[in-house]
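Heads up, final00.json below (JSON, C-alpha atoms and all ligand atoms):
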[["chain", "number", "residue", "atom", "x", "y", "z"],
["A", 1, "MET", "CA", 11.50, 24.55, -1.97],
["A", 2, "ALA", "CA", 13.68, 21.77, -3.30],
["A", 3, "ASN", "CA", 12.90, 18.34, -4.67],
["A", 4, "GLU", "CA", 9.17, 18.86, -4.95],
["A", 5, "LEU", "CA", 7.30, 15.62, -5.52],
["A", 6, "ARG", "CA", 3.64, 14.67, -5.54],
["A", 7, "ALA", "CA", 2.73, 11.05, -4.80],
["A", 8, "LEU", "CA", -0.59, 9.39, -5.52],
["A", 9, "ILE", "CA", -0.98, 6.32, -3.33],
["A", 10, "LEU", "CA", -3.91, 3.93, -3.81],
["A", 11, "GLY", "CA", -4.98, 0.64, -2.31],
["A", 12, "ASP", "CA", -5.67, -2.03, -1.42],
["A", 13, "VAL", "CA", -6.74, -3.36, -4.81],
["A", 14, "VAL", "CA", -9.46, -5.97, -4.25],
["A", 15, "GLY", "CA", -10.38, -8.44, -6.97],
["A", 16, "SER", "CA", -11.36, -7.71, -10.54],
["A", 17, "PRO", "CA", -13.59, -4.71, -9.61],
["A", 18, "GLY", "CA", -10.48, -3.03, -8.14],
["A", 19, "SER", "CA", -8.11, -4.05, -10.94],
["A", 20, "ARG", "CA", -10.60, -3.00, -13.62],
["A", 21, "ALA", "CA", -11.14, 0.39, -11.98],
["A", 22, "LEU", "CA", -7.41, 1.18, -12.13],
["A", 23, "PHE", "CA", -6.85, -0.38, -15.55],
["A", 24, "PHE", "CA", -9.46, 1.92, -17.08],
["A", 25, "GLY", "CA", -9.21, 4.90, -14.73],
["A", 26, "LEU", "CA", -5.76, 5.34, -13.23],
["A", 27, "LYS", "CA", -4.17, 7.30, -16.11],
["A", 28, "LYS", "CA", -6.95, 9.91, -15.85],
["A", 29, "ILE", "CA", -6.52, 10.22, -12.07],
["A", 30, "ILE", "CA", -2.73, 10.58, -12.43],
["A", 31, "LYS", "CA", -3.29, 13.40, -14.93],
["A", 32, "GLU", "CA", -5.96, 15.14, -12.86],
["A", 33, "GLU", "CA", -3.93, 14.91, -9.68],
["A", 34, "ARG", "CA", -0.67, 15.80, -11.49],
["A", 35, "ALA", "CA", 1.06, 12.95, -9.67],
["A", 36, "ASP", "CA", 4.78, 12.36, -10.20],
["A", 37, "LEU", "CA", 4.94, 9.02, -8.41],
["A", 38, "VAL", "CA", 2.22, 6.37, -8.18],
["A", 39, "ILE", "CA", 2.25, 3.64, -5.53],
["A", 40, "VAL", "CA", -0.46, 0.97, -5.43],
["A", 41, "ASN", "CA", -0.96, -1.72, -2.82],
["A", 42, "GLY", "CA", -2.15, -4.68, -4.87],
["A", 43, "GLU", "CA", -2.16, -7.46, -2.33],
["A", 44, "ASN", "CA", -5.80, -8.51, -2.82],
["A", 45, "ALA", "CA", -5.97, -8.14, -6.61],
["A", 46, "ALA", "CA", -6.34, -11.88, -7.31],
["A", 47, "ASP", "CA", -9.91, -12.60, -6.14],
["A", 48, "GLY", "CA", -9.15, -11.00, -2.79],
["A", 49, "PHE", "CA", -6.06, -13.03, -1.95],
["A", 50, "GLY", "CA", -2.62, -12.23, -3.33],
["A", 51, "MET", "CA", -1.61, -11.38, -6.86],
["A", 52, "MET", "CA", -1.14, -13.37, -10.03],
["A", 53, "PRO", "CA", 1.53, -12.35, -12.58],
["A", 54, "ASP", "CA", -1.26, -10.93, -14.80],
["A", 55, "ASP", "CA", -2.50, -8.69, -11.95],
["A", 56, "VAL", "CA", 0.99, -7.26, -11.54],
["A", 57, "GLU", "CA", 1.31, -6.61, -15.27],
["A", 58, "ARG", "CA", -2.11, -4.95, -15.37],
["A", 59, "LEU", "CA", -1.30, -2.60, -12.47],
["A", 60, "PHE", "CA", 2.04, -1.55, -13.97],
["A", 61, "THR", "CA", 0.36, -1.01, -17.37],
["A", 62, "ALA", "CA", -2.37, 1.02, -15.64],
["A", 63, "GLY", "CA", 0.27, 3.45, -14.36],
["A", 64, "ALA", "CA", 1.60, 2.16, -11.03],
["A", 65, "ASP", "CA", 5.31, 2.90, -10.56],
["A", 66, "VAL", "CA", 5.63, 0.73, -7.45],
["A", 67, "ILE", "CA", 3.34, -2.08, -6.27],
["A", 68, "THR", "CA", 3.36, -2.95, -2.58],
["A", 69, "SER", "CA", 1.73, -5.93, -0.89],
["A", 70, "GLY", "CA", 1.34, -7.61, 2.49],
["A", 71, "ASN", "CA", 0.49, -10.82, 4.29],
["A", 72, "HIS", "CA", -1.53, -12.31, 1.37],
["A", 73, "ILE", "CA", 1.29, -12.00, -1.15],
["A", 74, "TRP", "CA", 2.29, -15.67, -0.67],
["A", 75, "GLN", "CA", -1.21, -16.96, -1.49],
["A", 76, "LYS", "CA", -0.55, -17.59, -5.19],
["A", 77, "LYS", "CA", 2.61, -19.57, -5.90],
["A", 78, "ASP", "CA", 2.89, -18.19, -9.45],
["A", 79, "ILE", "CA", 3.90, -14.84, -7.96],
["A", 80, "LEU", "CA", 7.21, -16.10, -6.50],
["A", 81, "PRO", "CA", 9.37, -15.76, -9.67],
["A", 82, "VAL", "CA", 7.72, -12.39, -10.39],
["A", 83, "LEU", "CA", 8.64, -11.16, -6.90],
["A", 84, "GLU", "CA", 12.24, -12.03, -7.68],
["A", 85, "ALA", "CA", 12.22, -10.52, -11.18],
["A", 86, "LYS", "CA", 10.38, -7.24, -10.64],
["A", 87, "GLU", "CA", 12.37, -4.60, -8.83],
["A", 88, "PHE", "CA", 9.32, -2.38, -8.23],
["A", 89, "LEU", "CA", 7.02, -5.09, -6.90],
["A", 90, "LEU", "CA", 7.48, -5.36, -3.14],
["A", 91, "ARG", "CA", 6.71, -7.84, -0.38],
["A", 92, "PRO", "CA", 7.14, -6.92, 3.30],
["A", 93, "ALA", "CA", 10.77, -6.28, 4.24],
["A", 94, "ASN", "CA", 10.59, -7.87, 7.70],
["A", 95, "TYR", "CA", 10.57, -11.52, 6.63],
["A", 96, "PRO", "CA", 13.64, -13.59, 7.49],
["A", 97, "PRO", "CA", 16.62, -13.52, 5.09],
["A", 98, "GLY", "CA", 16.28, -15.79, 2.07],
["A", 99, "VAL", "CA", 12.57, -15.21, 1.48],
["A", 100, "PRO", "CA", 11.91, -14.45, -2.24],
["A", 101, "GLY", "CA", 11.46, -10.90, -3.46],
["A", 102, "HIS", "CA", 12.35, -7.38, -2.40],
["A", 103, "GLY", "CA", 11.23, -5.46, 0.69],
["A", 104, "HIS", "CA", 12.18, -2.07, -0.68],
["A", 105, "CYS", "CA", 13.18, -0.30, -3.87],
["A", 106, "ILE", "CA", 14.51, 3.06, -4.95],
["A", 107, "ILE", "CA", 12.66, 4.69, -7.81],
["A", 108, "GLU", "CA", 13.74, 7.84, -9.62],
["A", 109, "LYS", "CA", 11.11, 10.19, -11.02],
["A", 110, "ASN", "CA", 11.90, 13.68, -12.37],
["A", 111, "GLY", "CA", 15.42, 13.27, -10.96],
["A", 112, "ILE", "CA", 14.10, 12.67, -7.43],
["A", 113, "ARG", "CA", 14.93, 9.37, -5.76],
["A", 114, "THR", "CA", 12.30, 7.85, -3.51],
["A", 115, "ALA", "CA", 12.85, 4.74, -1.45],
["A", 116, "VAL", "CA", 9.61, 2.79, -1.05],
["A", 117, "VAL", "CA", 9.53, 0.26, 1.77],
["A", 118, "ASN", "CA", 6.88, -2.37, 2.56],
["A", 119, "MET", "CA", 6.57, -3.68, 6.12],
["A", 120, "LEU", "CA", 4.19, -6.01, 7.94],
["A", 121, "GLY", "CA", 2.75, -5.36, 11.39],
["A", 122, "ARG", "CA", 2.90, -7.91, 14.18],
["A", 123, "SER", "CA", -0.04, -6.80, 16.31],
["A", 124, "ARG", "CA", -3.21, -8.84, 15.59],
["A", 125, "MET", "CA", -1.66, -10.05, 12.31],
["A", 126, "GLY", "CA", -0.61, -13.60, 13.22],
["A", 127, "PHE", "CA", 2.85, -12.67, 12.00],
["A", 128, "ASN", "CA", 5.98, -13.38, 14.02],
["A", 129, "GLY", "CA", 8.58, -11.98, 11.66],
["A", 130, "GLN", "CA", 11.26, -9.44, 12.39],
["A", 131, "CYS", "CA", 10.43, -6.35, 14.42],
["A", 132, "PRO", "CA", 9.11, -3.62, 12.08],
["A", 133, "PHE", "CA", 10.57, -0.90, 14.33],
["A", 134, "GLN", "CA", 14.10, -2.31, 14.36],
["A", 135, "THR", "CA", 13.94, -3.33, 10.70],
["A", 136, "MET", "CA", 12.88, 0.17, 9.69],
["A", 137, "LYS", "CA", 15.63, 1.84, 11.76],
["A", 138, "LYS", "CA", 18.24, -0.45, 10.17],
["A", 139, "LEU", "CA", 16.90, 0.12, 6.68],
["A", 140, "VAL", "CA", 16.92, 3.91, 7.11],
["A", 141, "ARG", "CA", 20.59, 3.68, 8.13],
["A", 142, "GLU", "CA", 21.35, 1.58, 5.03],
["A", 143, "LEU", "CA", 19.45, 3.99, 2.77],
["A", 144, "ASN", "CA", 21.37, 7.01, 4.06],
["A", 145, "GLY", "CA", 22.33, 9.21, 1.09],
["A", 146, "GLN", "CA", 20.63, 6.95, -1.47],
["A", 147, "ALA", "CA", 17.19, 8.56, -1.51],
["A", 148, "ASP", "CA", 15.62, 12.01, -1.22],
["A", 149, "TYR", "CA", 12.45, 10.57, 0.32],
["A", 150, "ILE", "CA", 11.56, 7.39, 2.19],
["A", 151, "ILE", "CA", 7.95, 6.20, 2.02],
["A", 152, "LEU", "CA", 6.71, 3.26, 4.07],
["A", 153, "ASP", "CA", 3.62, 1.15, 3.39],
["A", 154, "PHE", "CA", 2.97, -0.36, 6.82],
["A", 155, "HIS", "CA", 0.59, -3.23, 6.18],
["A", 156, "ALA", "CA", -0.90, -3.72, 9.61],
["A", 157, "GLU", "CA", -4.14, -4.17, 11.52],
["A", 158, "ASP", "CA", -3.59, -2.22, 14.70],
["A", 159, "PRO", "CA", -3.61, 1.63, 14.68],
["A", 160, "GLN", "CA", -1.63, 1.56, 17.92],
["A", 161, "GLU", "CA", 1.27, -0.17, 16.15],
["A", 162, "LYS", "CA", 0.95, 2.11, 13.11],
["A", 163, "GLU", "CA", 0.95, 5.38, 15.07],
["A", 164, "ALA", "CA", 3.79, 4.20, 17.30],
["A", 165, "LEU", "CA", 6.00, 3.33, 14.33],
["A", 166, "ALA", "CA", 5.23, 6.62, 12.58],
["A", 167, "ILE", "CA", 6.11, 8.69, 15.66],
["A", 168, "HIS", "CA", 9.19, 6.52, 16.26],
["A", 169, "MET", "CA", 10.34, 7.32, 12.70],
["A", 170, "ASP", "CA", 9.27, 11.00, 12.66],
["A", 171, "GLY", "CA", 11.87, 13.02, 10.78],
["A", 172, "GLN", "CA", 13.66, 9.90, 9.54],
["A", 173, "ILE", "CA", 11.12, 8.94, 6.89],
["A", 174, "SER", "CA", 8.88, 11.18, 4.79],
["A", 175, "LEU", "CA", 5.63, 9.22, 5.01],
["A", 176, "LEU", "CA", 4.08, 6.21, 6.70],
["A", 177, "PHE", "CA", 0.78, 5.13, 5.22],
["A", 178, "GLY", "CA", -1.18, 2.21, 6.59],
["A", 179, "THR", "CA", -2.82, -0.50, 4.50],
["A", 180, "HIS", "CA", -4.62, -3.81, 5.16],
["A", 181, "THR", "CA", -7.91, -2.88, 6.88],
["A", 182, "HIS", "CA", -9.51, -1.63, 3.63],
["A", 183, "VAL", "CA", -11.22, 1.13, 5.64],
["A", 184, "GLN", "CA", -9.97, 4.66, 4.99],
["A", 185, "THR", "CA", -9.27, 6.56, 8.19],
["A", 186, "ALA", "CA", -9.69, 10.32, 8.73],
["A", 187, "ASP", "CA", -6.52, 10.77, 10.80],
["A", 188, "GLU", "CA", -4.09, 12.04, 8.16],
["A", 189, "ARG", "CA", -1.55, 14.47, 9.55],
["A", 190, "ILE", "CA", 2.08, 15.51, 9.54],
["A", 191, "PHE", "CA", 4.17, 14.93, 12.64],
["A", 192, "PRO", "CA", 6.41, 17.72, 14.02],
["A", 193, "HIS", "CA", 9.58, 16.56, 12.22],
["A", 194, "GLY", "CA", 7.92, 16.17, 8.83],
["A", 195, "THR", "CA", 6.69, 12.58, 8.58],
["A", 196, "GLY", "CA", 3.27, 12.35, 6.94],
["A", 197, "TYR", "CA", 0.84, 9.79, 8.29],
["A", 198, "ILE", "CA", -2.51, 8.06, 7.81],
["A", 199, "SER", "CA", -3.60, 4.89, 9.61],
["A", 200, "ASP", "CA", -5.20, 3.40, 6.50],
["A", 201, "ILE", "CA", -5.61, 4.62, 2.95],
["A", 202, "GLY", "CA", -8.67, 2.43, 2.29],
["A", 203, "MET", "CA", -9.57, 0.19, -0.64],
["A", 204, "VAL", "CA", -9.73, 0.12, -4.41],
["A", 205, "GLY", "CA", -12.51, -2.41, -4.57],
["A", 206, "PRO", "CA", -16.22, -3.08, -4.77],
["A", 207, "SER", "CA", -18.60, -0.63, -3.12],
["A", 208, "GLY", "CA", -21.49, -2.06, -1.13],
["A", 209, "SER", "CA", -19.21, -4.77, 0.24],
["A", 210, "VAL", "CA", -17.70, -5.80, 3.56],
["A", 211, "ILE", "CA", -14.05, -4.83, 3.02],
["A", 212, "GLY", "CA", -14.44, -6.10, -0.56],
["A", 213, "ALA", "CA", -16.42, -9.26, 0.12],
["A", 214, "ASP", "CA", -20.06, -10.20, -0.35],
["A", 215, "PRO", "CA", -21.92, -8.86, 2.76],
["A", 216, "GLU", "CA", -24.21, -11.93, 2.86],
["A", 217, "GLN", "CA", -21.23, -14.25, 3.33],
["A", 218, "SER", "CA", -19.74, -11.97, 5.90],
["A", 219, "ILE", "CA", -22.95, -11.77, 7.93],
["A", 220, "LYS", "CA", -23.38, -15.56, 7.77],
["A", 221, "ARG", "CA", -19.79, -15.99, 8.90],
["A", 222, "SER", "CA", -20.38, -13.77, 11.91],
["A", 223, "LEU", "CA", -23.72, -15.35, 12.80],
["A", 224, "THR", "CA", -22.56, -18.97, 12.51],
["A", 225, "GLN", "CA", -18.87, -18.60, 13.41],
["A", 226, "LEU", "CA", -18.17, -21.05, 10.57],
["A", 227, "PRO", "CA", -15.11, -20.53, 8.33],
["A", 228, "ILE", "CA", -17.25, -19.44, 5.37],
["A", 229, "LYS", "CA", -15.13, -18.39, 2.41],
["A", 230, "MET", "CA", -15.24, -14.68, 1.69],
["A", 231, "GLU", "CA", -15.68, -13.94, -2.01],
["A", 232, "VAL", "CA", -15.23, -10.61, -3.76],
["A", 233, "ILE", "CA", -18.57, -9.12, -4.79],
["A", 234, "ASP", "CA", -18.74, -7.79, -8.35],
["A", 235, "ASN", "CA", -19.98, -4.27, -7.61],
["A", 236, "PRO", "CA", -18.75, -0.97, -9.09],
["A", 237, "ALA", "CA", -15.50, 0.02, -7.44],
["A", 238, "GLN", "CA", -14.56, 2.84, -5.14],
["A", 239, "ILE", "CA", -11.03, 4.15, -5.51],
["A", 240, "CYS", "CA", -9.38, 5.21, -2.24],
["A", 241, "GLY", "CA", -5.98, 6.55, -1.36],
["A", 242, "ILE", "CA", -4.04, 9.69, -0.60],
["A", 243, "VAL", "CA", -2.25, 12.49, -2.42],
["A", 244, "VAL", "CA", 0.91, 13.69, -0.69],
["A", 245, "ASP", "CA", 3.13, 16.64, -1.52],
["A", 246, "PHE", "CA", 6.77, 16.44, -0.54],
["A", 247, "ALA", "CA", 9.54, 19.04, -0.53],
["A", 248, "ASP", "CA", 12.84, 19.52, 1.27],
["A", 249, "GLY", "CA", 12.86, 15.89, 2.42],
["A", 250, "LYS", "CA", 9.53, 16.20, 4.25],
["A", 251, "ALA", "CA", 5.81, 15.74, 3.71],
["A", 252, "GLN", "CA", 4.23, 19.16, 3.16],
["A", 253, "SER", "CA", 0.60, 18.14, 2.81],
["A", 254, "ILE", "CA", -1.49, 14.98, 2.86],
["A", 255, "ARG", "CA", -5.00, 14.70, 1.47],
["A", 256, "ARG", "CA", -7.42, 11.79, 1.35],
["A", 257, "PHE", "CA", -8.60, 10.66, -2.08],
["A", 258, "LYS", "CA", -11.88, 8.86, -2.72],
["A", 259, "GLN", "CA", -13.98, 8.54, -5.84],
["A", 260, "MET", "CA", -16.23, 6.04, -7.59],
["A", 261, "ALA", "CA", -14.72, 4.34, -10.62],
["A", 262, "SER", "CA", -16.16, 5.56, -13.88],
["A", 263, "ALA", "CA", -15.66, 2.20, -15.65],
["A", 301, "FE", "FE", -3.53, -7.66, 4.17]]
Give the structure from this file in structure tokens form.
Amino acid sequence: MANELRALILGDVVGSPGSRALFFGLKKIIKEERADLVIVNGENAADGFGMMPDDVERLFTAGADVITSGNHIWQKKDILPVLEAKEFLLRPANYPPGVPGHGHCIIEKNGIRTAVVNMLGRSRMGFNGQCPFQTMKKLVRELNGQADYIILDFHAEDPQEKEALAIHMDGQISLLFGTHTHVQTADERIFPHGTGYISDIGMVGPSGSVIGADPEQSIKRSLTQLPIKMEVIDNPAQICGIVVDFADGKAQSIRRFKQMASA
């Protein structure tokens, strides 16, 4: 088999419990999993909403090769120059032209070039940007010959939209992994033409929480229907993600990853 590559993909990083868990634990996981390429969705690293420049630095120092994001990336204004400056920090590709930052990158590890793309869903996301299906098709055409593998982080709410895009792109990309819901799904599989898939990889964030937030606030919010602010609860973190083996341009295996942080 040619161009063998193992990717460790973790996310979404929620608040300081999530950041801390990777800062102190990611190197060990990379070693144990013998990962060649590490992708981390960091979009909730800054207290649950967006990323600050320090969060980005910490995740790269921890061992992330590529950091992806999503709808919350615009929350902290300080991130804008960093989005422009850092080639391997991504924001969704399907924003209109002229928006700061990069929607994809090509990273080379062990002589293997992987294009990593970040895209935002439009179903139940309150996002009216460019069509993720058409944008992905166009991008794949542009990337032709430039990468051995194409990996897409589809940051989206609706499994219908995620599955549809993955099947639409089957054989044209190597992996579509979903992020955003913070709940790891048990539907990982490989489609007939070699595209690996999971609806959501889960969360690197506090255990005993409601998708990272304090359950008390979340319950109160539901009971009262008031716009109560959700705050990250400072509990020990769970680390969720996937480990994917690639060869010959395709996903060969996909396995869910989940462990409690030791720090
Ligand atoms: Fe999100």
> Which of these, A:Gln134, A:Thr114, A:Thr181, A:Gln160, has the shortest distance to Glu43 in chain A once you count all atoms listed in the file?
Replying inline: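 The answer is A:Thr181, which sits nearest to Glu43 in chain A.
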>> When you count only C-alpha atoms, which of these residues is closest to Ala93 in chain A: A:Leu152, A:Ile173, A:Val183, A:Leu80?
In response: A:Leu152
>> To one decimal place in Å, what is the distance between CA of Ser123 in chain A and CA of Pro17 in chain A?
In response: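 So the two atoms, CA of Ser123 in chain A and CA of Pro17 in chain A, lie 29.3 Å apart.
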Could you produce a table of the residues of chain A lying within 6 Å of ligand FE 301 (chain A), with the nearest pair of atoms per residue and their separation in Å rounded to one decimal, using all atoms listed in the file, ordered by chain and increasing residue number, as a Markdown table?
| residue | atom | partner | partner_atom | distance |
| --- | --- | --- | --- | --- |
| A:Gly70 | CA | A:FE301 | FE | 5.2 |
| A:Asn71 | CA | A:FE301 | FE | 5.1 |
| A:His72 | CA | A:FE301 | FE | 5.8 |
| A:His180 | CA | A:FE301 | FE | 4.1 |
Residues just named, written with C-alpha atoms as a PDB file, in the coordinates of the input:
ATOM      1  CA  GLY A  70       1.340  -7.610   2.490  1.00  0.00           C
ATOM      2  CA  ASN A  71       0.490 -10.820   4.290  1.00  0.00           C
ATOM      3  CA  HIS A  72      -1.530 -12.310   1.370  1.00  0.00           C
ATOM      4  CA  HIS A 180      -4.620  -3.810   5.160  1.00  0.00           C
TER       5      HIS A 180
END
> Using all atoms listed in the file, which residue out of A:Gly42, A:Gly18, A:Gly171, A:Gly48 lies closest to Asn118 in chain A?
Replying inline: A:Gly42
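Closest approach to Ile201 in chain A from the set A:Ser222, A:Asn41, A:Ser69, A:Ser16 is made by A:Asn41, with distances taken over all atoms listed in the file.
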>> List the spatial neighbours of Ile198 in chain A as a PyMOL selection string - criterion: any atom at most 12 Å away, all atoms listed in the file, same-chain residues fewer than 6 positions off excluded.
In response: chain A and resi 9+152-155+159+162-163+165-167+175-179+183-191+241-244+253-257
>> Using Å and a single decimal, report how far CA of Pro100 in chain A sits from CA of Glu142 in chain A.
In response: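 Value for the CA of Glu142 in chain A-CA of Pro100 in chain A distance: 20.0 Å.
Closest approach to Gly196 in chain A among A:Ala7, A:Val66, A:Val14, A:Ala261 is made by A:Ala7 (distances from all atoms listed in the file).
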Any chance you could work out the axis-aligned box around range 163-175 of chain A, listed atoms only, 4 Å on each side, giving centre and edge lengths in Å to one decimal, as AutoDock Vina command-line options?
--center_x 7.3 --center_y 8.2 --center_z 11.0 --size_x 20.7 --size_y 17.7 --size_z 20.5
> For Ala247 in chain A, which residue out of A:Leu5, A:Leu83, A:Gly11, A:Met260 is the nearest one, using all atoms listed in the file?
Replying inline: A:Leu5
> Can you tell me how far CA of Ile150 in chain A sits from CA of Met1 in chain A, in Å to one decimal?
Replying inline: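 These atoms are spaced 17.7 Å apart.
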>> Residues proximal to (8.6, -2.1, 3.8) were defined as those with any atom within 9 Å of that point in the file's coordinates, counting all atoms listed in the file. Which are they, as a VMD selection string?
In response: chain A and resid 68 90 to 94 102 to 104 116 to 120 132 135 to 136 151 to 155
Could you write out the selected residues, including C-alpha atoms, as a compact mmCIF listing (two decimals), in the coordinates of the input?
# COMPACT_ATOMS: atom_id res chain seq x y z
CA THR A 68 3.36 -2.95 -2.58
CA LEU A 90 7.48 -5.36 -3.14
CA ARG A 91 6.71 -7.84 -0.38
CA PRO A 92 7.14 -6.92 3.30
CA ALA A 93 10.77 -6.28 4.24
CA ASN A 94 10.59 -7.87 7.70
CA HIS A 102 12.35 -7.38 -2.40
CA GLY A 103 11.23 -5.46 0.69
CA HIS A 104 12.18 -2.07 -0.68
CA VAL A 116 9.61 2.79 -1.05
CA VAL A 117 9.53 0.26 1.77
CA ASN A 118 6.88 -2.37 2.56
CA MET A 119 6.57 -3.68 6.12
CA LEU A 120 4.19 -6.01 7.94
CA PRO A 132 9.11 -3.62 12.08
CA THR A 135 13.94 -3.33 10.70
CA MET A 136 12.88 0.17 9.69
CA ILE A 151 7.95 6.20 2.02
CA LEU A 152 6.71 3.26 4.07
CA ASP A 153 3.62 1.15 3.39
CA PHE A 154 2.97 -0.36 6.82
CA HIS A 155 0.59 -3.23 6.18
